[in-house]
>>> print(open('my_file-v6.txt').read())   # compact mmCIF, C-alpha atoms
# COMPACT_ATOMS: atom_id res chain seq x y z
CA MET G 1 44.10 113.71 49.46
CA THR G 2 45.49 117.10 50.21
CA GLU G 3 43.53 120.22 50.99
CA ALA G 4 44.39 123.06 48.66
CA ILE G 5 45.00 125.37 51.60
CA TYR G 6 48.17 123.58 52.69
CA PRO G 7 51.44 124.61 51.02
CA GLN G 8 53.78 121.93 49.71
CA VAL G 9 57.50 121.85 49.12
CA ARG G 10 59.81 119.44 47.38
CA ILE G 11 63.42 118.93 48.42
CA VAL G 12 65.59 117.74 45.53
CA SER G 13 69.27 117.02 45.96
CA ALA G 14 71.70 116.95 43.03
CA ARG G 15 72.85 113.48 44.10
CA PHE G 16 71.09 110.49 45.65
CA LEU G 17 71.51 110.50 49.41
CA ARG G 18 73.19 107.89 51.54
CA PRO G 19 70.99 106.56 54.35
CA ASP G 20 72.95 108.47 57.01
CA THR G 21 72.61 111.78 55.14
CA ALA G 22 68.90 111.10 54.61
CA GLU G 23 68.56 110.36 58.32
CA GLN G 24 70.33 113.58 59.25
CA LEU G 25 68.17 115.62 56.85
CA LEU G 26 64.88 114.04 57.95
CA ASN G 27 65.66 114.53 61.62
CA ARG G 28 66.47 118.17 60.98
CA LEU G 29 63.14 118.57 59.14
CA VAL G 30 61.26 116.91 61.99
CA GLN G 31 62.87 119.38 64.40
CA VAL G 32 61.58 122.27 62.30
CA GLY G 33 58.04 120.96 62.70
CA GLY G 34 54.91 122.07 60.89
CA ILE G 35 54.94 119.03 58.62
CA LEU G 36 51.59 117.35 58.03
CA ARG G 37 52.66 114.68 55.57
CA MET G 38 55.94 113.64 54.07
CA SER G 39 56.82 111.30 51.25
CA ILE G 40 60.30 109.99 50.46
CA ASN G 41 60.89 109.27 46.78
CA GLY G 42 63.65 107.71 44.75
CA PRO G 43 64.44 104.60 42.76
CA SER G 44 63.39 101.41 44.51
CA ILE G 45 65.82 99.06 46.22
CA PRO G 46 64.00 95.71 46.17
CA ALA G 47 64.48 93.03 48.81
CA THR G 48 64.78 90.33 46.14
CA VAL G 49 66.16 90.45 42.61
CA PRO G 50 63.11 91.51 40.54
CA TYR G 51 64.03 90.04 37.17
CA GLY G 52 66.68 88.23 35.17
CA PRO G 53 68.10 84.76 35.72
CA ALA G 54 68.62 85.46 39.45
CA ARG G 55 64.96 86.50 39.95
CA GLY G 56 63.66 85.89 43.47
CA LYS G 57 67.08 85.56 45.08
CA PRO G 58 67.82 87.83 48.05
CA ASN G 59 69.29 91.21 47.18
CA PRO G 60 71.61 92.33 49.98
CA HIS G 61 71.99 96.10 49.56
CA PRO G 62 73.83 98.31 52.08
CA ASP G 63 71.42 101.23 51.45
CA ARG G 64 68.25 99.30 52.21
CA LYS G 65 68.28 99.75 55.95
CA VAL G 66 66.39 101.05 58.95
CA ILE G 67 66.96 104.70 59.90
CA HIS G 68 65.70 106.54 62.96
CA VAL G 69 63.57 109.60 62.32
CA GLY G 70 62.19 111.40 65.37
CA ASP G 71 60.96 108.67 67.67
CA GLN G 72 60.28 106.15 64.89
CA GLU G 73 62.17 103.59 62.87
CA VAL G 74 61.78 103.83 59.10
CA LEU G 75 62.85 101.12 56.65
CA LEU G 76 64.33 102.82 53.59
CA GLN G 77 63.03 101.00 50.52
CA VAL G 78 64.34 103.57 48.06
CA GLN G 79 67.54 105.45 47.44
CA VAL G 80 66.45 108.87 48.64
CA GLY G 81 66.37 111.46 45.86
CA THR G 82 63.33 113.65 46.56
CA ILE G 83 61.38 114.50 49.69
CA ILE G 84 57.88 115.94 49.37
CA LEU G 85 56.38 117.78 52.33
CA GLU G 86 52.94 119.12 53.10
CA LEU G 87 53.14 121.96 55.60
CA GLU G 88 50.74 123.59 58.03
CA ASP G 89 51.38 127.06 56.62
CA GLU G 90 53.82 129.02 54.49
CA SER G 91 55.80 130.39 57.42
CA TYR G 92 57.64 127.07 57.68
CA ILE G 93 59.11 127.26 54.17
CA THR G 94 61.93 129.66 55.01
CA VAL G 95 62.88 127.63 58.09
CA ILE G 96 62.95 124.48 55.97
CA ARG G 97 65.19 126.19 53.41
CA GLU G 98 67.58 127.16 56.20
CA ALA G 99 67.52 123.64 57.66
CA VAL G 100 68.29 122.10 54.25
CA ASP G 101 71.12 124.57 53.60
CA GLU G 102 72.55 123.72 57.01
CA VAL G 103 72.59 119.97 56.32
CA PHE G 104 74.10 120.41 52.84
CA ALA G 105 76.62 123.10 53.85
CA ASP G 106 79.54 120.66 54.05
CA LYS G 107 78.57 118.57 51.00
CA ASP G 108 80.05 119.12 47.56
CA PHE G 109 76.67 119.11 45.83
CA SER G 110 73.60 121.31 46.09
CA CYS G 111 70.03 120.71 47.17
CA ALA G 112 67.00 122.71 46.01
CA VAL G 113 63.81 123.46 47.90
CA GLN G 114 60.90 124.12 45.54
CA GLN G 115 57.37 125.23 46.32
CA GLY G 116 54.44 123.92 44.31
CA ARG G 117 51.80 121.19 44.28
CA TYR G 118 53.32 117.76 44.42
CA MET G 119 50.59 115.62 46.00
CA LYS G 120 47.41 114.48 44.32
CA THR G 121 44.30 116.51 45.18
CA GLN G 122 41.62 114.26 43.72
CA PRO G 123 41.45 110.52 43.02
CA THR G 124 41.46 109.80 39.29
CA VAL G 125 39.27 107.31 37.46
CA SER G 126 42.29 105.00 37.27
CA ASP G 127 42.72 105.24 41.05
CA TYR G 128 39.07 104.27 41.46
CA ALA G 129 39.45 101.35 39.06
CA LYS G 130 42.64 100.15 40.73
CA TYR G 131 41.93 100.70 44.42
CA GLY G 132 38.13 100.89 44.65
CA PRO G 133 35.96 103.42 46.49
CA ASP G 134 37.36 102.72 49.96
CA ALA G 135 41.04 103.46 49.30
CA ASP G 136 42.83 105.38 52.03
CA ARG G 137 42.67 108.97 50.78
CA GLU G 138 45.43 110.04 53.14
CA ILE G 139 48.06 108.15 51.22
CA LEU G 140 46.45 107.88 47.77
CA GLY G 141 48.72 109.59 45.27
CA LEU G 142 51.74 109.18 47.52
CA VAL G 143 52.08 105.41 47.67
CA ASP G 144 50.09 102.37 46.60
CA PRO G 145 47.20 102.17 49.11
CA ARG G 146 47.18 98.36 48.80
CA LYS G 147 50.71 98.19 50.12
CA LYS G 148 51.00 96.39 53.41
CA GLY G 149 52.21 98.49 56.33
CA GLY G 150 50.72 101.95 56.68
CA PRO G 151 52.50 105.27 56.99
CA VAL G 152 55.02 105.92 59.74
CA ILE G 153 53.57 108.41 62.21
CA ILE G 154 56.04 110.71 63.91
CA GLN G 155 54.58 112.52 66.91
CA GLY G 156 54.89 116.30 66.77
CA ASN G 157 55.93 118.69 69.48
CA LYS G 158 52.44 120.07 70.05
CA MET D 1 91.35 93.36 13.38
CA LYS D 2 93.08 95.76 10.96
CA VAL D 3 91.47 97.82 8.24
CA LYS D 4 92.79 96.78 4.84
CA VAL D 5 95.43 99.19 3.55
CA ASN D 6 94.43 98.91 -0.07
CA MET D 7 90.86 100.07 0.48
CA ALA D 8 89.50 102.48 -2.11
CA TYR D 9 88.69 105.11 0.47
CA LYS D 10 89.83 106.07 3.95
CA PRO D 11 87.13 105.41 6.54
CA GLN D 12 86.04 108.55 8.40
CA TYR D 13 84.11 106.76 11.18
CA GLY D 14 81.97 109.76 11.99
CA PRO D 15 81.35 113.46 11.42
CA GLY D 16 81.93 116.33 13.82
CA THR D 17 84.57 118.83 14.83
CA SER D 18 84.06 118.70 18.60
CA LYS D 19 86.11 116.86 21.18
CA VAL D 20 83.22 114.41 21.67
CA ALA D 21 83.19 113.57 17.96
CA GLU D 22 86.95 113.11 18.02
CA ASN D 23 86.66 110.72 20.98
CA ARG D 24 83.98 108.75 19.14
CA ARG D 25 86.20 108.37 16.07
CA LYS D 26 89.12 107.36 18.24
CA GLN D 27 87.16 104.54 19.85
CA MET D 28 85.76 103.31 16.54
CA ASN D 29 89.02 103.32 14.63
CA PRO D 30 90.51 99.81 15.04
CA ASN D 31 93.98 101.11 14.16
CA GLN D 32 93.91 103.32 17.22
CA LYS D 33 95.00 101.43 20.31
CA LEU D 34 92.70 101.97 23.28
CA GLU D 35 94.44 103.24 26.38
CA LYS D 36 94.81 100.59 29.06
CA MET D 37 93.44 101.82 32.36
CA ARG D 38 93.35 98.80 34.67
CA ASP D 39 94.42 95.21 34.92
CA VAL D 40 91.51 92.86 35.51
CA THR D 41 92.55 89.22 35.14
CA ASP D 42 90.88 86.51 33.02
CA GLU D 43 89.56 84.84 36.16
CA ASP D 44 88.03 88.12 37.38
CA ILE D 45 86.25 88.56 34.05
CA VAL D 46 84.87 85.01 34.25
CA LEU D 47 83.59 85.75 37.76
CA ILE D 48 81.85 88.98 36.73
CA LEU D 49 80.29 87.35 33.66
CA GLY D 50 78.98 84.45 35.73
CA HIS D 51 78.48 82.08 32.78
CA ARG D 52 80.84 79.35 33.99
CA ALA D 53 83.01 78.63 37.04
CA PRO D 54 86.61 79.83 36.65
CA GLY D 55 88.77 76.98 35.39
CA ALA D 56 85.79 74.90 34.20
CA ALA D 57 85.75 73.62 30.63
CA TYR D 58 83.76 75.57 28.06
CA PRO D 59 80.39 73.87 27.56
CA THR D 60 79.70 73.34 23.86
CA ALA D 61 76.69 73.86 21.65
CA HIS D 62 77.98 71.66 18.82
CA PRO D 63 81.05 69.51 18.12
CA PRO D 64 84.25 71.34 17.08
CA LEU D 65 84.24 72.31 13.39
CA ALA D 66 87.24 70.07 12.70
CA GLU D 67 85.25 67.03 13.83
CA GLN D 68 82.14 67.64 11.86
CA GLN D 69 81.39 67.55 8.18
CA GLU D 70 80.93 71.02 6.80
CA PRO D 71 78.67 71.58 3.83
CA ASP D 72 80.29 72.78 0.64
CA CYS D 73 79.73 76.50 1.07
CA PRO D 74 81.74 79.31 -0.58
CA ILE D 75 81.18 81.67 2.34
CA ARG D 76 82.61 79.20 4.82
CA LYS D 77 85.71 79.06 2.65
CA ILE D 78 86.15 82.83 2.75
CA VAL D 79 85.40 83.44 6.46
CA THR D 80 87.84 82.09 9.04
CA PRO D 81 85.92 80.95 12.11
CA THR D 82 86.78 82.60 15.44
CA ASP D 83 88.34 80.46 18.17
CA GLY D 84 85.00 80.09 19.92
CA ALA D 85 83.19 79.05 16.74
CA LYS D 86 85.97 76.58 15.91
CA ALA D 87 85.57 74.90 19.30
CA GLY D 88 81.76 74.96 19.19
CA ASP D 89 81.27 77.15 22.29
CA ARG D 90 77.90 78.31 23.53
CA VAL D 91 76.82 81.86 22.74
CA ARG D 92 76.97 84.04 25.87
CA TYR D 93 76.72 87.77 26.60
CA ILE D 94 78.03 90.79 28.43
CA GLN D 95 75.87 93.84 28.98
CA PHE D 96 76.84 97.38 29.92
CA THR D 97 75.00 100.39 31.28
CA ASP D 98 76.60 103.80 30.79
CA SER D 99 75.66 106.81 32.89
CA MET D 100 74.61 109.93 31.02
CA PHE D 101 76.94 111.87 33.29
CA PHE D 102 79.95 111.74 30.96
CA ALA D 103 80.58 108.00 30.84
CA PRO D 104 83.40 107.21 28.43
CA CYS D 105 81.09 105.23 26.12
CA HIS D 106 77.38 104.81 25.41
CA PRO D 107 75.22 102.12 23.79
CA TYR D 108 75.36 103.20 20.10
CA GLN D 109 79.01 104.04 20.39
CA ARG D 110 79.70 100.64 21.94
CA THR D 111 78.01 98.86 19.08
CA TYR D 112 79.91 100.84 16.44
CA THR D 113 83.19 100.34 18.30
CA GLU D 114 82.66 96.60 18.72
CA CYS D 115 81.63 96.10 15.11
CA TYR D 116 84.82 97.79 13.94
CA ARG D 117 87.08 96.01 16.40
CA PHE D 118 85.73 92.53 17.03
CA ARG D 119 84.65 89.57 14.87
CA GLY D 120 81.75 87.15 15.27
CA ILE D 121 79.60 89.36 17.51
CA ASP D 122 75.92 90.17 17.76
CA PRO D 123 75.43 93.49 19.56
CA GLY D 124 72.04 94.68 20.79
CA THR D 125 71.62 98.42 21.31
CA LEU D 126 69.00 99.88 23.63
CA SER D 127 68.57 103.34 25.11
CA GLY D 128 70.03 102.52 28.50
CA ARG D 129 72.02 99.37 27.95
CA GLN D 130 74.03 97.57 25.34
CA ILE D 131 74.45 93.84 25.11
CA VAL D 132 76.93 91.94 23.00
CA GLU D 133 76.59 88.23 22.33
CA CYS D 134 79.22 85.91 20.93
CA ARG D 135 80.93 82.58 21.49
CA GLU D 136 82.03 82.18 25.09
CA ARG D 137 85.79 82.18 24.70
CA ASP D 138 85.65 85.09 22.27
CA LEU D 139 83.38 86.88 24.72
CA GLU D 140 85.91 86.57 27.52
CA LYS D 141 88.65 87.96 25.28
CA TYR D 142 86.51 90.89 24.11
CA SER D 143 85.13 91.57 27.60
CA LYS D 144 88.65 91.84 28.92
CA GLU D 145 89.40 94.52 26.36
CA LEU D 146 86.14 96.34 27.07
CA VAL D 147 86.74 96.30 30.83
CA ASN D 148 90.47 97.02 30.90
CA THR D 149 90.58 99.95 28.52
CA GLU D 150 89.37 103.54 28.53
CA ILE D 151 85.91 102.46 27.37
CA LEU D 152 84.96 101.69 30.97
CA ASP D 153 84.87 103.87 34.05
CA ALA D 154 84.56 102.06 37.37
CA ALA D 155 81.84 104.38 38.71
CA ARG D 156 79.83 105.44 35.66
CA THR D 157 79.81 102.23 33.67
CA GLY D 158 78.04 99.18 35.02
CA ILE D 159 78.40 95.56 33.93
CA ARG D 160 74.78 94.57 34.33
CA GLY D 161 73.21 91.48 32.84
CA ALA D 162 69.77 92.25 34.25
CA THR D 163 68.13 95.05 36.28
CA VAL D 164 70.08 97.74 34.47
CA HIS D 165 68.07 100.78 35.65
CA GLY D 166 70.28 103.76 36.47
CA HIS D 167 71.87 105.29 33.37
CA SER D 168 69.66 108.39 33.35
CA LEU D 169 69.45 108.90 37.11
CA ARG D 170 71.38 111.21 39.37
CA LEU D 171 74.61 109.77 40.68
CA ALA D 172 74.88 108.66 44.30
CA GLU D 173 76.61 110.83 46.88
CA ASN D 174 79.89 109.01 46.38
CA GLY D 175 79.74 109.39 42.58
CA MET D 176 78.58 105.85 41.75
CA MET D 177 75.78 105.27 39.24
CA PHE D 178 72.58 103.98 40.86
CA ASP D 179 72.30 100.20 40.84
CA MET D 180 69.29 98.50 42.34
CA LEU D 181 71.37 95.39 42.98
CA GLN D 182 74.56 97.23 43.95
CA ARG D 183 76.86 94.87 42.08
CA SER D 184 79.82 97.18 42.52
CA VAL D 185 80.71 98.95 45.74
CA LEU D 186 83.08 101.86 46.27
CA GLY D 187 85.39 100.90 49.12
CA GLU D 188 86.92 103.11 51.81
CA ASP D 189 90.20 102.99 49.88
CA GLY D 190 88.53 104.48 46.79
CA VAL D 191 88.63 101.24 44.79
CA VAL D 192 85.47 99.90 43.16
CA ARG D 193 84.84 96.19 43.69
CA TYR D 194 82.27 93.92 42.11
CA VAL D 195 80.63 91.92 44.88
CA LYS D 196 78.00 90.33 42.62
CA ASN D 197 78.18 88.95 39.10
CA GLN D 198 76.40 90.70 36.25
CA ILE D 199 73.01 89.16 37.04
CA GLY D 200 73.18 89.93 40.78
CA GLU D 201 74.37 86.70 42.37
CA PRO D 202 76.90 87.30 45.18
CA LEU D 203 80.49 86.40 44.31
CA ASP D 204 82.74 84.27 46.52
CA ARG D 205 85.37 86.97 46.45
CA ALA D 206 85.18 90.64 45.50
CA VAL D 207 86.68 91.63 42.14
CA ALA D 208 88.52 94.96 42.19
CA ILE D 209 88.28 97.02 39.00
CA GLY D 210 90.18 100.08 40.13
CA LYS D 211 89.44 103.64 41.11
CA PRO D 212 86.80 105.79 39.42
CA LEU D 213 88.27 108.28 36.96
CA ASP D 214 88.08 111.94 37.88
CA GLU D 215 85.60 114.42 36.41
CA LYS D 216 88.26 116.19 34.35
CA TRP D 217 89.39 112.98 32.64
CA LEU D 218 85.80 111.92 32.02
CA LYS D 219 84.87 115.22 30.40
CA ALA D 220 87.96 115.06 28.21
CA HIS D 221 87.26 111.48 27.10
CA THR D 222 83.46 111.27 27.02
CA THR D 223 81.59 110.33 23.86
CA ILE D 224 78.34 111.84 25.13
CA PHE D 225 77.11 115.29 24.16
CA HIS D 226 75.68 117.06 27.19
CA SER D 227 74.30 120.59 27.08
CA LEU D 228 74.70 120.98 30.85
CA GLY D 229 78.31 121.13 31.79
CA ASP D 230 80.00 119.95 28.61
CA VAL D 231 79.84 120.10 24.80
CA ALA D 232 76.25 120.56 23.58
CA TYR D 233 75.17 118.60 20.51
CA ARG D 234 73.91 121.76 18.82
CA ASP D 235 77.37 123.32 19.09
CA ASP D 236 78.85 120.75 16.73
CA LYS D 237 77.60 122.21 13.45
CA GLU D 238 79.18 119.52 11.26
CA TYR D 239 77.51 116.73 13.26
CA ILE D 240 74.11 118.41 13.02
CA GLU D 241 74.52 118.98 9.29
CA TYR D 242 75.39 115.33 8.72
CA VAL D 243 72.55 113.98 10.83
CA GLN D 244 70.06 116.33 9.19
CA ARG D 245 71.26 115.27 5.75
CA ILE D 246 70.80 111.57 6.58
CA HIS D 247 67.41 112.30 8.13
CA SER D 248 66.29 114.27 5.11
CA LEU D 249 67.53 111.67 2.62
CA ARG D 250 65.92 108.73 4.36
CA THR D 251 62.66 110.62 4.68
CA LYS D 252 62.64 111.42 0.97
CA TYR D 253 63.93 107.95 0.05
CA GLY D 254 60.61 106.73 -1.26
CA PHE D 255 60.43 109.66 -3.69
CA LEU D 256 63.75 108.92 -5.46
CA PRO D 257 65.88 111.59 -3.77
CA LYS D 258 68.20 113.68 -5.87
CA GLU D 259 70.77 115.87 -4.19
CA ALA D 260 71.11 119.42 -5.50
>>> encode(input="my_file-v6.txt", output="structure tokens")
Amino acid sequence: MTEAIYPQVRIVSARFLRPDTAEQLLNRLVQVGGILRMSINGPSIPATVPYGPARGKPNPHPDRKVIHVGDQEVLLQVQVGTIILELEDESYITVIREAVDEVFADKDFSCAVQQGRYMKTQPTVSDYAKYGPDADREILGLVDPRKKGGPVIIQGNK
Amino acid sequence: MKVKVNMAYKPQYGPGTSKVAENRRKQMNPNQKLEKMRDVTDEDIVLILGHRAPGAAYPTAHPPLAEQQEPDCPIRKIVTPTDGAKAGDRVRYIQFTDSMFFAPCHPYQRTYTECYRFRGIDPGTLSGRQIVECRERDLEKYSKELVNTEILDAARTGIRGATVHGHSLRLAENGMMFDMLQRSVLGEDGVVRYVKNQIGEPLDRAVAIGKPLDEKWLKAHTTIFHSLGDVAYRDDKEYIEYVQRIHSLRTKYGFLPKEA
């Protein structure tokens, strides 16, 4: 769960990003620093065909691949459309705006940086019913806490 | 199929004064020839559909009509069976997803268009996809027309039998509509190729369906009203008036409506 004192921003591009653009953008954000938590959203790219007559067969997809962010490898399981960030303080917002503008300067579509509350602050009754009392509050509201494989931790510069 | 010349009235196909309404009427009118945009072969269509191997015989659901006794039925005397029905083919389908970003067609429009142009079909209309079922050899003939003409755009129309999600999402960086199974891929040369059949099974060879059409062409030929960037629905007064009239009449239907 998030503490209300931390500001949050959401980065929304007008088009879905290719893995290499997403990699470039994420690395630029990591350089800026000041990020406590980050969530990458977008429509899912499943490893196997989820339904239909071909259900269960492998789903080779060029955009489902491993990218390098900071010192870590991240497997992209979605087509990146939105990035949600929780920041240490508001001073980082302008730098993030500049970083995003820099990455999208040579693209023919825009990308917006919005400030607001995008992460859950309190577990709901449904969360309690679904995940029980011991669910990991750090990731509750961002991803399914029952999902195997925890968050990717990228070491900061401090 | 031609509209009978001696009909008592001239069909109007749809209301509206906007360019979008005009495009809709153009697609629906069977006397209007659809512009041919690409040349996908019969074999390519069979590969994308994935119902049978190219060159294989058509599996049958019943013996050919000529070989079986038909009951004495006046309707059967009036209606000529289609080629597929005559041969006793199985019923198979093709399904399309059309992006909301100015695709040349959309589910309701597809159903209207197909009903005016084709025989022996059973279309199913949903918000994000449209399926049409018919006898297999008829299906291949109709699919070829649907794929080769201006009704399809390589990037913003998807031939998707299952896992259709994507019509209302943002486009990808290269302009393609999102597809979880990535059945079609935009190549370096700008040509879109189907690498999987409509249900997501990889094909032995890629099927090229041509280059995506440019934004200007799409906006000129779209049948979708879009308040951001193109003709807004509310700007077509005649369309609104017609839809409101139908809505009002069907709401009042139970109370014996009388028009003033």
>>> residues_around(input="my_file-v6.txt", residues="segment 136-146 of chain G", least_positions_apart="6", cutoff="10 Å", atoms="all atoms listed in the file", output="ChimeraX atom specification")
/G:1-2,37-41,84,118-124,127,130
>>> atom_distance(input="my_file-v6.txt", atom1="atom CA of Leu186 of chain D", atom2="atom CA of His61 of chain G")
12.9 Å
>>> interface_residues(input="my_file-v6.txt", of="chain D", to="chain G", cutoff="6 Å", atoms="all atoms listed in the file", output="ChimeraX atom specification")
/D:162,170-173,180
>>> residues_around(input="my_file-v6.txt", residues="Val191 of chain D", least_positions_apart="6", cutoff="12 Å", atoms="only C-alpha atoms", output="mmCIF file with C-alpha atoms, in the coordinates of the input")
data_model
loop_
_atom_site.group_PDB
_atom_site.id
_atom_site.type_symbol
_atom_site.label_atom_id
_atom_site.label_comp_id
_atom_site.auth_asym_id
_atom_site.auth_seq_id
_atom_site.Cartn_x
_atom_site.Cartn_y
_atom_site.Cartn_z
ATOM 1 C CA ARG D 38 93.350 98.800 34.670
ATOM 2 C CA ASP D 153 84.870 103.870 34.050
ATOM 3 C CA ALA D 154 84.560 102.060 37.370
ATOM 4 C CA ALA D 155 81.840 104.380 38.710
ATOM 5 C CA ASN D 174 79.890 109.010 46.380
ATOM 6 C CA MET D 176 78.580 105.850 41.750
ATOM 7 C CA SER D 184 79.820 97.180 42.520
ATOM 8 C CA VAL D 185 80.710 98.950 45.740
ATOM 9 C CA ALA D 206 85.180 90.640 45.500
ATOM 10 C CA VAL D 207 86.680 91.630 42.140
ATOM 11 C CA ALA D 208 88.520 94.960 42.190
ATOM 12 C CA ILE D 209 88.280 97.020 39.000
ATOM 13 C CA GLY D 210 90.180 100.080 40.130
ATOM 14 C CA LYS D 211 89.440 103.640 41.110
ATOM 15 C CA PRO D 212 86.800 105.790 39.420
ATOM 16 C CA LEU D 213 88.270 108.280 36.960
#
>>> atom_distance(input="my_file-v6.txt", atom1="atom CA of Tyr116 of chain D", atom2="atom CA of Glu22 of chain D")
16.0 Å
>>> atom_distance(input="my_file-v6.txt", atom1="atom CA of His247 of chain D", atom2="atom CA of Tyr233 of chain D")
15.9 Å
>>> closest_residue(input="my_file-v6.txt", among="D:Asn197, D:Met28, D:Pro15, D:Thr157", to="Glu241 of chain D", atoms="all atoms listed in the file")
D:Pro15
>>> closest_residue(input="my_file-v6.txt", among="D:Val132, D:Val147, D:Ala85, D:Ala61", to="Pro107 of chain D", atoms="all atoms listed in the file")
D:Val132
>>> decode(input="my_file-v6.txt", residues="segment 34-52 of chain D", atoms="N, CA and C atoms", output="PDB file, in the first residue's frame")
ATOM      1  N   LEU D  34     -17.314  -2.726 -54.988  1.00  0.00           N
ATOM      2  CA  LEU D  34     -16.315  -2.338 -53.987  1.00  0.00           C
ATOM      3  C   LEU D  34     -14.950  -2.253 -54.659  1.00  0.00           C
ATOM      4  N   GLU D  35     -14.195  -1.240 -54.257  1.00  0.00           N
ATOM      5  CA  GLU D  35     -12.886  -1.022 -54.858  1.00  0.00           C
ATOM      6  C   GLU D  35     -11.926  -2.135 -54.461  1.00  0.00           C
ATOM      7  N   LYS D  36     -11.222  -2.679 -55.443  1.00  0.00           N
ATOM      8  CA  LYS D  36     -10.279  -3.753 -55.138  1.00  0.00           C
ATOM      9  C   LYS D  36      -8.962  -3.146 -54.683  1.00  0.00           C
ATOM     10  N   MET D  37      -8.471  -3.587 -53.539  1.00  0.00           N
ATOM     11  CA  MET D  37      -7.275  -2.971 -52.975  1.00  0.00           C
ATOM     12  C   MET D  37      -6.060  -3.880 -53.024  1.00  0.00           C
ATOM     13  N   ARG D  38      -6.267  -5.182 -53.026  1.00  0.00           N
ATOM     14  CA  ARG D  38      -5.137  -6.105 -52.949  1.00  0.00           C
ATOM     15  C   ARG D  38      -5.516  -7.415 -53.608  1.00  0.00           C
ATOM     16  N   ASP D  39      -4.529  -8.257 -53.826  1.00  0.00           N
ATOM     17  CA  ASP D  39      -4.793  -9.499 -54.529  1.00  0.00           C
ATOM     18  C   ASP D  39      -4.333 -10.681 -53.687  1.00  0.00           C
ATOM     19  N   VAL D  40      -5.193 -11.141 -52.812  1.00  0.00           N
ATOM     20  CA  VAL D  40      -4.875 -12.303 -51.984  1.00  0.00           C
ATOM     21  C   VAL D  40      -5.485 -13.518 -52.683  1.00  0.00           C
ATOM     22  N   THR D  41      -4.681 -14.571 -52.862  1.00  0.00           N
ATOM     23  CA  THR D  41      -5.153 -15.707 -53.658  1.00  0.00           C
ATOM     24  C   THR D  41      -6.079 -16.615 -52.845  1.00  0.00           C
ATOM     25  N   ASP D  42      -6.747 -17.539 -53.558  1.00  0.00           N
ATOM     26  CA  ASP D  42      -7.653 -18.497 -52.899  1.00  0.00           C
ATOM     27  C   ASP D  42      -6.904 -19.304 -51.849  1.00  0.00           C
ATOM     28  N   GLU D  43      -5.680 -19.723 -52.217  1.00  0.00           N
ATOM     29  CA  GLU D  43      -4.902 -20.553 -51.298  1.00  0.00           C
ATOM     30  C   GLU D  43      -4.554 -19.778 -50.020  1.00  0.00           C
ATOM     31  N   ASP D  44      -4.219 -18.490 -50.195  1.00  0.00           N
ATOM     32  CA  ASP D  44      -3.904 -17.641 -49.040  1.00  0.00           C
ATOM     33  C   ASP D  44      -5.107 -17.540 -48.098  1.00  0.00           C
ATOM     34  N   ILE D  45      -6.277 -17.373 -48.691  1.00  0.00           N
ATOM     35  CA  ILE D  45      -7.503 -17.258 -47.885  1.00  0.00           C
ATOM     36  C   ILE D  45      -7.713 -18.553 -47.091  1.00  0.00           C
ATOM     37  N   VAL D  46      -7.522 -19.690 -47.763  1.00  0.00           N
ATOM     38  CA  VAL D  46      -7.708 -20.988 -47.095  1.00  0.00           C
ATOM     39  C   VAL D  46      -6.730 -21.114 -45.926  1.00  0.00           C
ATOM     40  N   LEU D  47      -5.507 -20.630 -46.131  1.00  0.00           N
ATOM     41  CA  LEU D  47      -4.499 -20.687 -45.061  1.00  0.00           C
ATOM     42  C   LEU D  47      -4.912 -19.832 -43.868  1.00  0.00           C
ATOM     43  N   ILE D  48      -5.363 -18.604 -44.134  1.00  0.00           N
ATOM     44  CA  ILE D  48      -5.743 -17.705 -43.038  1.00  0.00           C
ATOM     45  C   ILE D  48      -6.951 -18.266 -42.287  1.00  0.00           C
ATOM     46  N   LEU D  49      -7.919 -18.812 -43.047  1.00  0.00           N
ATOM     47  CA  LEU D  49      -9.124 -19.347 -42.396  1.00  0.00           C
ATOM     48  C   LEU D  49      -8.785 -20.553 -41.513  1.00  0.00           C
ATOM     49  N   GLY D  50      -7.905 -21.412 -42.007  1.00  0.00           N
ATOM     50  CA  GLY D  50      -7.452 -22.550 -41.200  1.00  0.00           C
ATOM     51  C   GLY D  50      -8.478 -23.657 -41.000  1.00  0.00           C
ATOM     52  N   HIS D  51      -9.516 -23.716 -41.845  1.00  0.00           N
ATOM     53  CA  HIS D  51     -10.521 -24.768 -41.674  1.00  0.00           C
ATOM     54  C   HIS D  51     -10.139 -26.068 -42.375  1.00  0.00           C
ATOM     55  N   ARG D  52      -9.403 -25.974 -43.462  1.00  0.00           N
ATOM     56  CA  ARG D  52      -8.957 -27.173 -44.181  1.00  0.00           C
ATOM     57  C   ARG D  52      -7.597 -26.880 -44.796  1.00  0.00           C
TER      58      ARG D  52
END
